[in-house]
Amino acid sequence: MPNIPSLQAVIFDVDGTLAETELAGHRVAFNRTFAEFGLDWNWTPELYGELLAVTGGKERVALYVKRYAPALPEQVNFNAWIARLHQRKSEIYSELVLARAIPLRPGIARLIRELKTNGIRLAVATTTTPSSLNSLIVANFGCEMGSLFEVIGAGDSVVNKKPAPDVYQWVMEQLDLPPEACLALEDSYPGLSAARTAGLPTLITVNGYTANDDFSGALSVISDLGEPDSPPRHIAGQPFAGTCIDLTQLRAWHQALLAEPLP
Ligand code: XBP
Ligand code: MG
């Protein structure tokens, strides 16, 4: 019998996983910021989907400028200007989520509470900023992010953002746990790549922007975590038992996977 560690921690992605924040949250905040900065840029839902190929808001603006060469205001330092723009965008995003414009995805609040009650350690690995994450948590849980998550890898915690594995590796170092004792929850190809390269078994819940991503190597791919009266749809990988994804299911997947690892 191989020495299989039990599931000790779940590491959550944020955007697209905890909540559908991109279309009505980050995208809208970017467009409002562009208007405030006197730019005539408009990131349509389609264009934003294309720009999601790169993670991180500052990096996304830089990709847009490189790819579409829009007229830029006179400025001395491009990176400093992007940083100011992104700072303001983050403030507007927080205002949006604190107005409860962005609810959590099905099953997220239920699973987080169940994991916490049962002593599973909780962490976050995201490319968004700590302030944006905190606003989402305050709006939906009524508490600060630090009271839910023991370790938070966010924004510029690491230099190389997803799909690089760095943020997951940093989080596991802080947890002092090996990947075999953890499970990642993601929604996108860059997120899956980051988690898998870090050695983590990864559950995917898809969303409108990521439904057609390549999720080869995921433990399981499902529509969402579901609720007891509203089961998720299984898309690929390991099937689930029961009506929604709970701790019993995560433990079952984890044990089965460790006994027979993914290729
Ligand atoms: C998703 C992202 C982020 C957000 C915006 O992050 O790619 O860039 O779109 O974040 P994840 P900021 O799924 O890893 O949580 O503008 O705050 O950088
Ligand atoms: Mg994501």
# chains A, B, ... in the order shown; residues from 1 in each chain; ligands from 1
call {"tool": "residues_near_ligand", "arguments": {"ligand": "ligand 2", "cutoff": "6 Å", "atoms": "only C-alpha atoms and all ligand atoms", "output": "number ranges by chain"}}
result
A: 13-17, 186-188
call {"tool": "residues_near_ligand", "arguments": {"ligand": "ligand 1", "cutoff": "9 Å", "atoms": "only C-alpha atoms and all ligand atoms", "output": "VMD selection string"}}
result
chain A and resid 12 to 18 21 to 22 25 to 27 29 to 30 52 to 60 86 to 87 89 to 90 93 124 to 133 154 to 156 161 to 162 186 to 188 190 to 191
call {"tool": "write_last_selection", "arguments": {"atoms": "C-alpha atoms", "output": "PDB file, in the first residue's frame"}}
result
ATOM      1  CA  PHE A  12      -8.472  28.309  -4.578  1.00  0.00           C
ATOM      2  CA  ASP A  13      -8.060  30.388  -7.694  1.00  0.00           C
ATOM      3  CA  VAL A  14     -10.193  33.556  -7.533  1.00  0.00           C
ATOM      4  CA  ASP A  15     -11.342  35.079 -10.817  1.00  0.00           C
ATOM      5  CA  GLY A  16     -13.689  32.757 -12.650  1.00  0.00           C
ATOM      6  CA  THR A  17     -13.498  30.199  -9.827  1.00  0.00           C
ATOM      7  CA  LEU A  18     -14.837  31.872  -6.683  1.00  0.00           C
ATOM      8  CA  THR A  21     -15.635  38.389 -11.931  1.00  0.00           C
ATOM      9  CA  GLU A  22     -14.231  38.986 -15.391  1.00  0.00           C
ATOM     10  CA  GLY A  25     -16.311  43.044 -12.805  1.00  0.00           C
ATOM     11  CA  HIS A  26     -12.754  43.480 -14.054  1.00  0.00           C
ATOM     12  CA  ARG A  27     -13.784  44.294 -17.657  1.00  0.00           C
ATOM     13  CA  ALA A  29     -13.748  48.433 -14.106  1.00  0.00           C
ATOM     14  CA  PHE A  30     -11.108  48.630 -16.847  1.00  0.00           C
ATOM     15  CA  LEU A  52      -7.655  36.902 -20.970  1.00  0.00           C
ATOM     16  CA  ALA A  53      -4.917  34.859 -22.651  1.00  0.00           C
ATOM     17  CA  VAL A  54      -2.577  36.835 -20.420  1.00  0.00           C
ATOM     18  CA  THR A  55      -3.117  36.902 -16.654  1.00  0.00           C
ATOM     19  CA  GLY A  56      -2.767  40.004 -14.473  1.00  0.00           C
ATOM     20  CA  GLY A  57      -4.431  43.344 -15.129  1.00  0.00           C
ATOM     21  CA  LYS A  58      -1.244  45.332 -15.751  1.00  0.00           C
ATOM     22  CA  GLU A  59       0.015  42.632 -18.093  1.00  0.00           C
ATOM     23  CA  ARG A  60      -3.360  42.670 -19.901  1.00  0.00           C
ATOM     24  CA  HIS A  86      -4.319  49.647 -12.641  1.00  0.00           C
ATOM     25  CA  GLN A  87      -4.463  51.118  -9.139  1.00  0.00           C
ATOM     26  CA  LYS A  89      -9.067  50.136 -11.880  1.00  0.00           C
ATOM     27  CA  SER A  90      -8.657  48.099  -8.699  1.00  0.00           C
ATOM     28  CA  TYR A  93     -13.488  47.018  -9.158  1.00  0.00           C
ATOM     29  CA  VAL A 124      -5.576  31.283  -2.400  1.00  0.00           C
ATOM     30  CA  ALA A 125      -3.385  31.411  -5.495  1.00  0.00           C
ATOM     31  CA  THR A 126      -4.462  34.248  -7.768  1.00  0.00           C
ATOM     32  CA  THR A 127      -3.088  36.828 -10.164  1.00  0.00           C
ATOM     33  CA  THR A 128      -5.493  39.507  -8.999  1.00  0.00           C
ATOM     34  CA  THR A 129      -4.590  42.009  -6.287  1.00  0.00           C
ATOM     35  CA  PRO A 130      -5.086  41.382  -2.548  1.00  0.00           C
ATOM     36  CA  SER A 131      -7.452  44.384  -2.376  1.00  0.00           C
ATOM     37  CA  SER A 132      -9.684  43.019  -5.152  1.00  0.00           C
ATOM     38  CA  LEU A 133      -9.832  39.612  -3.455  1.00  0.00           C
ATOM     39  CA  ALA A 154      -2.001  37.258  -4.877  1.00  0.00           C
ATOM     40  CA  GLY A 155      -0.977  39.785  -7.514  1.00  0.00           C
ATOM     41  CA  ASP A 156       2.687  40.576  -7.252  1.00  0.00           C
ATOM     42  CA  LYS A 161       2.204  35.083 -12.956  1.00  0.00           C
ATOM     43  CA  LYS A 162       0.159  32.089 -14.161  1.00  0.00           C
ATOM     44  CA  GLU A 186      -9.210  26.448 -11.063  1.00  0.00           C
ATOM     45  CA  ASP A 187     -11.276  27.645 -14.016  1.00  0.00           C
ATOM     46  CA  SER A 188      -8.884  28.310 -16.904  1.00  0.00           C
ATOM     47  CA  PRO A 190      -3.410  29.283 -17.575  1.00  0.00           C
ATOM     48  CA  GLY A 191      -4.596  28.369 -14.079  1.00  0.00           C
TER      49      GLY A 191
END
call {"tool": "select_by_dssp", "arguments": {"residues": "segment 175-217 of chain A", "states": "strand (DSSP E or B)", "output": "list in words"}}
result
Cys182, Leu183, Ala184, Leu185, Glu186, Thr202, Leu203, Ile204 and Thr205 of chain A
call {"tool": "select_by_dssp", "arguments": {"residues": "segment 11-171 of chain A", "states": "alpha helix (DSSP H)", "output": "compact mmCIF listing (two decimals) with N, CA, C and O atoms, in the first residue's frame"}}
result
# COMPACT_ATOMS: atom_id res chain seq x y z
N THR A 21 -16.03 36.99 -12.13
CA THR A 21 -15.63 38.39 -11.93
C THR A 21 -15.19 39.10 -13.21
O THR A 21 -15.08 40.32 -13.21
N ARG A 27 -13.64 43.64 -16.34
CA ARG A 27 -13.78 44.29 -17.66
C ARG A 27 -14.45 45.66 -17.52
O ARG A 27 -13.98 46.66 -18.08
N VAL A 28 -15.53 45.70 -16.75
CA VAL A 28 -16.26 46.96 -16.56
C VAL A 28 -15.37 47.97 -15.85
O VAL A 28 -15.33 49.16 -16.22
N ALA A 29 -14.63 47.52 -14.85
CA ALA A 29 -13.75 48.43 -14.11
C ALA A 29 -12.64 48.98 -15.02
O ALA A 29 -12.29 50.17 -14.94
N PHE A 30 -12.11 48.14 -15.89
CA PHE A 30 -11.11 48.63 -16.85
C PHE A 30 -11.73 49.71 -17.73
O PHE A 30 -11.14 50.80 -17.91
N ASN A 31 -12.91 49.45 -18.29
CA ASN A 31 -13.51 50.42 -19.21
C ASN A 31 -13.81 51.75 -18.52
O ASN A 31 -13.60 52.82 -19.10
N ARG A 32 -14.29 51.70 -17.27
CA ARG A 32 -14.57 52.95 -16.55
C ARG A 32 -13.27 53.71 -16.29
O ARG A 32 -13.23 54.94 -16.35
N THR A 33 -12.22 52.95 -16.00
CA THR A 33 -10.92 53.60 -15.76
C THR A 33 -10.39 54.24 -17.03
O THR A 33 -9.87 55.37 -16.99
N PHE A 34 -10.53 53.54 -18.15
CA PHE A 34 -10.07 54.12 -19.42
C PHE A 34 -10.76 55.46 -19.65
O PHE A 34 -10.13 56.44 -20.03
N ALA A 35 -12.08 55.52 -19.40
CA ALA A 35 -12.83 56.77 -19.60
C ALA A 35 -12.29 57.86 -18.67
O ALA A 35 -12.08 59.00 -19.09
N GLU A 36 -12.06 57.50 -17.41
CA GLU A 36 -11.53 58.49 -16.45
C GLU A 36 -10.17 59.01 -16.88
O GLU A 36 -9.83 60.16 -16.64
N PRO A 45 -16.93 42.45 -24.59
CA PRO A 45 -16.83 41.09 -24.04
C PRO A 45 -15.94 40.18 -24.88
O PRO A 45 -15.15 39.39 -24.35
N GLU A 46 -16.03 40.30 -26.22
CA GLU A 46 -15.24 39.44 -27.10
C GLU A 46 -13.75 39.78 -26.99
O GLU A 46 -12.90 38.90 -26.85
N LEU A 47 -13.44 41.07 -27.08
CA LEU A 47 -12.04 41.49 -27.00
C LEU A 47 -11.45 41.09 -25.64
O LEU A 47 -10.31 40.62 -25.55
N TYR A 48 -12.24 41.26 -24.59
CA TYR A 48 -11.74 40.92 -23.26
C TYR A 48 -11.41 39.42 -23.19
O TYR A 48 -10.41 39.02 -22.60
N GLY A 49 -12.26 38.60 -23.81
CA GLY A 49 -12.01 37.16 -23.83
C GLY A 49 -10.66 36.85 -24.49
O GLY A 49 -9.91 35.99 -24.03
N GLU A 50 -10.36 37.58 -25.54
CA GLU A 50 -9.06 37.40 -26.22
C GLU A 50 -7.91 37.82 -25.29
O GLU A 50 -6.90 37.13 -25.19
N LEU A 51 -8.11 38.94 -24.60
CA LEU A 51 -7.04 39.46 -23.74
C LEU A 51 -6.83 38.62 -22.48
O LEU A 51 -5.79 38.73 -21.82
N GLY A 57 -3.85 42.16 -14.50
CA GLY A 57 -4.43 43.34 -15.13
C GLY A 57 -3.40 44.24 -15.80
O GLY A 57 -3.62 44.71 -16.92
N LYS A 58 -2.27 44.47 -15.15
CA LYS A 58 -1.24 45.33 -15.75
C LYS A 58 -0.70 44.68 -17.03
O LYS A 58 -0.49 45.34 -18.04
N GLU A 59 -0.49 43.38 -16.95
CA GLU A 59 0.01 42.63 -18.09
C GLU A 59 -1.00 42.66 -19.25
O GLU A 59 -0.64 42.69 -20.42
N ARG A 60 -2.30 42.65 -18.88
CA ARG A 60 -3.36 42.67 -19.90
C ARG A 60 -3.38 44.00 -20.63
O ARG A 60 -3.55 44.05 -21.85
N VAL A 61 -3.22 45.09 -19.91
CA VAL A 61 -3.16 46.41 -20.55
C VAL A 61 -1.94 46.47 -21.48
O VAL A 61 -2.03 46.95 -22.62
N ALA A 62 -0.82 45.95 -21.01
CA ALA A 62 0.40 45.98 -21.83
C ALA A 62 0.20 45.15 -23.11
O ALA A 62 0.64 45.56 -24.20
N LEU A 63 -0.49 44.01 -23.00
CA LEU A 63 -0.76 43.18 -24.18
C LEU A 63 -1.63 43.95 -25.17
O LEU A 63 -1.37 43.94 -26.38
N TYR A 64 -2.65 44.64 -24.65
CA TYR A 64 -3.56 45.40 -25.53
C TYR A 64 -2.80 46.48 -26.28
O TYR A 64 -2.97 46.65 -27.49
N VAL A 65 -1.93 47.19 -25.57
CA VAL A 65 -1.16 48.28 -26.19
C VAL A 65 -0.24 47.70 -27.27
O VAL A 65 -0.13 48.23 -28.37
N LYS A 66 0.37 46.57 -26.96
CA LYS A 66 1.30 45.95 -27.92
C LYS A 66 0.56 45.44 -29.15
O LYS A 66 0.98 45.64 -30.28
N ARG A 67 -0.59 44.80 -28.91
CA ARG A 67 -1.30 44.15 -30.01
C ARG A 67 -2.10 45.13 -30.86
O ARG A 67 -2.18 44.99 -32.07
N TYR A 68 -2.69 46.16 -30.24
CA TYR A 68 -3.59 47.05 -30.99
C TYR A 68 -3.03 48.46 -31.17
O TYR A 68 -3.66 49.27 -31.85
N PHE A 78 6.06 54.49 -19.11
CA PHE A 78 4.94 53.62 -19.49
C PHE A 78 4.53 52.71 -18.33
O PHE A 78 3.35 52.58 -18.00
N ASN A 79 5.49 52.07 -17.66
CA ASN A 79 5.16 51.14 -16.57
C ASN A 79 4.51 51.85 -15.39
O ASN A 79 3.58 51.34 -14.78
N ALA A 80 5.00 53.05 -15.09
CA ALA A 80 4.42 53.82 -13.97
C ALA A 80 2.99 54.24 -14.32
O ALA A 80 2.10 54.22 -13.46
N TRP A 81 2.77 54.58 -15.57
CA TRP A 81 1.42 54.97 -16.02
C TRP A 81 0.46 53.78 -15.92
O TRP A 81 -0.65 53.90 -15.41
N ILE A 82 0.92 52.62 -16.38
CA ILE A 82 0.08 51.41 -16.27
C ILE A 82 -0.22 51.12 -14.80
O ILE A 82 -1.34 50.76 -14.44
N ALA A 83 0.76 51.28 -13.95
CA ALA A 83 0.56 51.00 -12.51
C ALA A 83 -0.51 51.94 -11.93
O ALA A 83 -1.36 51.50 -11.15
N ARG A 84 -0.48 53.23 -12.32
CA ARG A 84 -1.50 54.19 -11.83
C ARG A 84 -2.88 53.81 -12.35
O ARG A 84 -3.88 53.82 -11.63
N LEU A 85 -2.93 53.48 -13.64
CA LEU A 85 -4.21 53.07 -14.26
C LEU A 85 -4.76 51.84 -13.54
O LEU A 85 -5.95 51.77 -13.20
N HIS A 86 -3.88 50.89 -13.26
CA HIS A 86 -4.32 49.65 -12.64
C HIS A 86 -4.75 49.86 -11.19
O HIS A 86 -5.69 49.22 -10.72
N GLN A 87 -4.07 50.78 -10.52
CA GLN A 87 -4.46 51.12 -9.14
C GLN A 87 -5.89 51.66 -9.11
O GLN A 87 -6.73 51.25 -8.30
N ARG A 88 -6.18 52.56 -10.04
CA ARG A 88 -7.53 53.15 -10.11
C ARG A 88 -8.55 52.08 -10.53
O ARG A 88 -9.66 52.02 -9.98
N LYS A 89 -8.17 51.23 -11.45
CA LYS A 89 -9.07 50.14 -11.88
C LYS A 89 -9.39 49.23 -10.70
O LYS A 89 -10.54 48.79 -10.53
N SER A 90 -8.42 48.96 -9.86
CA SER A 90 -8.66 48.10 -8.70
C SER A 90 -9.63 48.75 -7.73
O SER A 90 -10.47 48.07 -7.11
N GLU A 91 -9.53 50.08 -7.57
CA GLU A 91 -10.48 50.79 -6.69
C GLU A 91 -11.90 50.69 -7.24
O GLU A 91 -12.85 50.41 -6.50
N ILE A 92 -12.04 50.90 -8.54
CA ILE A 92 -13.38 50.83 -9.16
C ILE A 92 -13.93 49.41 -9.06
O ILE A 92 -15.12 49.20 -8.77
N TYR A 93 -13.06 48.42 -9.28
CA TYR A 93 -13.49 47.02 -9.16
C TYR A 93 -14.02 46.75 -7.75
O TYR A 93 -15.08 46.13 -7.57
N SER A 94 -13.30 47.24 -6.74
CA SER A 94 -13.75 47.04 -5.35
C SER A 94 -15.11 47.68 -5.12
O SER A 94 -15.97 47.09 -4.45
N GLU A 95 -15.30 48.89 -5.65
CA GLU A 95 -16.61 49.55 -5.50
C GLU A 95 -17.71 48.67 -6.11
O GLU A 95 -18.79 48.50 -5.53
N LEU A 96 -17.41 48.08 -7.27
CA LEU A 96 -18.41 47.22 -7.95
C LEU A 96 -18.75 45.99 -7.09
O LEU A 96 -19.93 45.68 -6.89
N VAL A 97 -17.73 45.30 -6.60
CA VAL A 97 -18.04 44.07 -5.87
C VAL A 97 -18.64 44.37 -4.49
O VAL A 97 -19.47 43.61 -4.01
N LEU A 98 -18.23 45.49 -3.90
CA LEU A 98 -18.81 45.84 -2.59
C LEU A 98 -20.27 46.24 -2.72
O LEU A 98 -21.02 46.20 -1.75
N ILE A 108 -19.61 27.51 -3.83
CA ILE A 108 -18.35 28.03 -3.26
C ILE A 108 -18.50 28.29 -1.76
O ILE A 108 -17.68 27.82 -0.96
N ALA A 109 -19.51 29.04 -1.37
CA ALA A 109 -19.67 29.36 0.06
C ALA A 109 -19.89 28.09 0.86
O ALA A 109 -19.30 27.89 1.93
N ARG A 110 -20.71 27.19 0.32
CA ARG A 110 -21.00 25.93 1.02
C ARG A 110 -19.72 25.12 1.23
O ARG A 110 -19.44 24.65 2.34
N LEU A 111 -18.92 24.95 0.16
CA LEU A 111 -17.72 24.13 0.27
C LEU A 111 -16.68 24.78 1.19
O LEU A 111 -16.07 24.09 2.02
N ILE A 112 -16.49 26.08 1.06
CA ILE A 112 -15.50 26.76 1.91
C ILE A 112 -15.87 26.58 3.38
O ILE A 112 -15.03 26.27 4.22
N ARG A 113 -17.14 26.74 3.69
CA ARG A 113 -17.56 26.59 5.10
C ARG A 113 -17.36 25.15 5.57
O ARG A 113 -16.90 24.90 6.68
N GLU A 114 -17.68 24.19 4.71
CA GLU A 114 -17.52 22.78 5.09
C GLU A 114 -16.04 22.44 5.31
O GLU A 114 -15.69 21.75 6.28
N LEU A 115 -15.18 22.91 4.42
CA LEU A 115 -13.75 22.63 4.56
C LEU A 115 -13.22 23.22 5.85
O LEU A 115 -12.47 22.58 6.59
N LYS A 116 -13.60 24.46 6.11
CA LYS A 116 -13.11 25.13 7.32
C LYS A 116 -13.58 24.42 8.59
O LYS A 116 -12.81 24.17 9.51
N THR A 117 -14.85 24.04 8.60
CA THR A 117 -15.41 23.34 9.76
C THR A 117 -14.68 22.03 10.02
O THR A 117 -14.54 21.60 11.17
N PRO A 130 -4.49 41.69 -3.85
CA PRO A 130 -5.09 41.38 -2.55
C PRO A 130 -6.32 42.25 -2.27
O PRO A 130 -7.30 41.76 -1.72
N SER A 131 -6.30 43.51 -2.67
CA SER A 131 -7.45 44.38 -2.38
C SER A 131 -8.70 43.93 -3.14
O SER A 131 -9.81 43.96 -2.59
N SER A 132 -8.52 43.49 -4.38
CA SER A 132 -9.68 43.02 -5.15
C SER A 132 -10.25 41.74 -4.53
O SER A 132 -11.47 41.58 -4.43
N LEU A 133 -9.37 40.84 -4.11
CA LEU A 133 -9.83 39.61 -3.45
C LEU A 133 -10.56 39.95 -2.16
O LEU A 133 -11.65 39.43 -1.89
N ASN A 134 -9.96 40.84 -1.38
CA ASN A 134 -10.57 41.14 -0.08
C ASN A 134 -11.97 41.73 -0.26
O ASN A 134 -12.90 41.38 0.48
N SER A 135 -12.14 42.60 -1.24
CA SER A 135 -13.46 43.19 -1.47
C SER A 135 -14.49 42.11 -1.83
O SER A 135 -15.63 42.14 -1.36
N LEU A 136 -14.07 41.16 -2.65
CA LEU A 136 -14.97 40.07 -3.03
C LEU A 136 -15.38 39.25 -1.81
O LEU A 136 -16.55 38.86 -1.66
N ILE A 137 -14.42 39.01 -0.92
CA ILE A 137 -14.70 38.20 0.28
C ILE A 137 -15.57 38.99 1.27
O ILE A 137 -16.55 38.46 1.80
N VAL A 138 -15.24 40.25 1.49
CA VAL A 138 -16.03 41.08 2.40
C VAL A 138 -17.48 41.15 1.90
O VAL A 138 -18.44 41.00 2.68
N ALA A 139 -17.65 41.37 0.60
CA ALA A 139 -19.00 41.53 0.04
C ALA A 139 -19.82 40.25 0.19
O ALA A 139 -21.03 40.30 0.43
N ASN A 140 -19.16 39.09 0.06
CA ASN A 140 -19.92 37.84 0.00
C ASN A 140 -19.90 37.02 1.29
O ASN A 140 -20.79 36.20 1.51
N PHE A 141 -18.86 37.22 2.13
CA PHE A 141 -18.80 36.46 3.38
C PHE A 141 -18.96 37.35 4.60
O PHE A 141 -19.12 36.86 5.72
N ASP A 166 4.73 29.57 -10.22
CA ASP A 166 5.34 30.25 -9.06
C ASP A 166 4.37 30.53 -7.92
O ASP A 166 4.70 30.33 -6.75
N VAL A 167 3.17 31.02 -8.23
CA VAL A 167 2.26 31.39 -7.13
C VAL A 167 1.83 30.16 -6.34
O VAL A 167 1.72 30.20 -5.11
N TYR A 168 1.62 29.03 -7.04
CA TYR A 168 1.26 27.80 -6.33
C TYR A 168 2.44 27.29 -5.50
O TYR A 168 2.26 26.81 -4.38
N GLN A 169 3.63 27.38 -6.07
CA GLN A 169 4.81 26.93 -5.31
C GLN A 169 5.00 27.80 -4.07
O GLN A 169 5.31 27.29 -2.98
N TRP A 170 4.81 29.10 -4.22
CA TRP A 170 4.95 30.03 -3.08
C TRP A 170 3.92 29.69 -2.00
O TRP A 170 4.25 29.64 -0.81
N VAL A 171 2.69 29.44 -2.40
CA VAL A 171 1.64 29.11 -1.42
C VAL A 171 1.97 27.81 -0.69
O VAL A 171 1.85 27.74 0.54
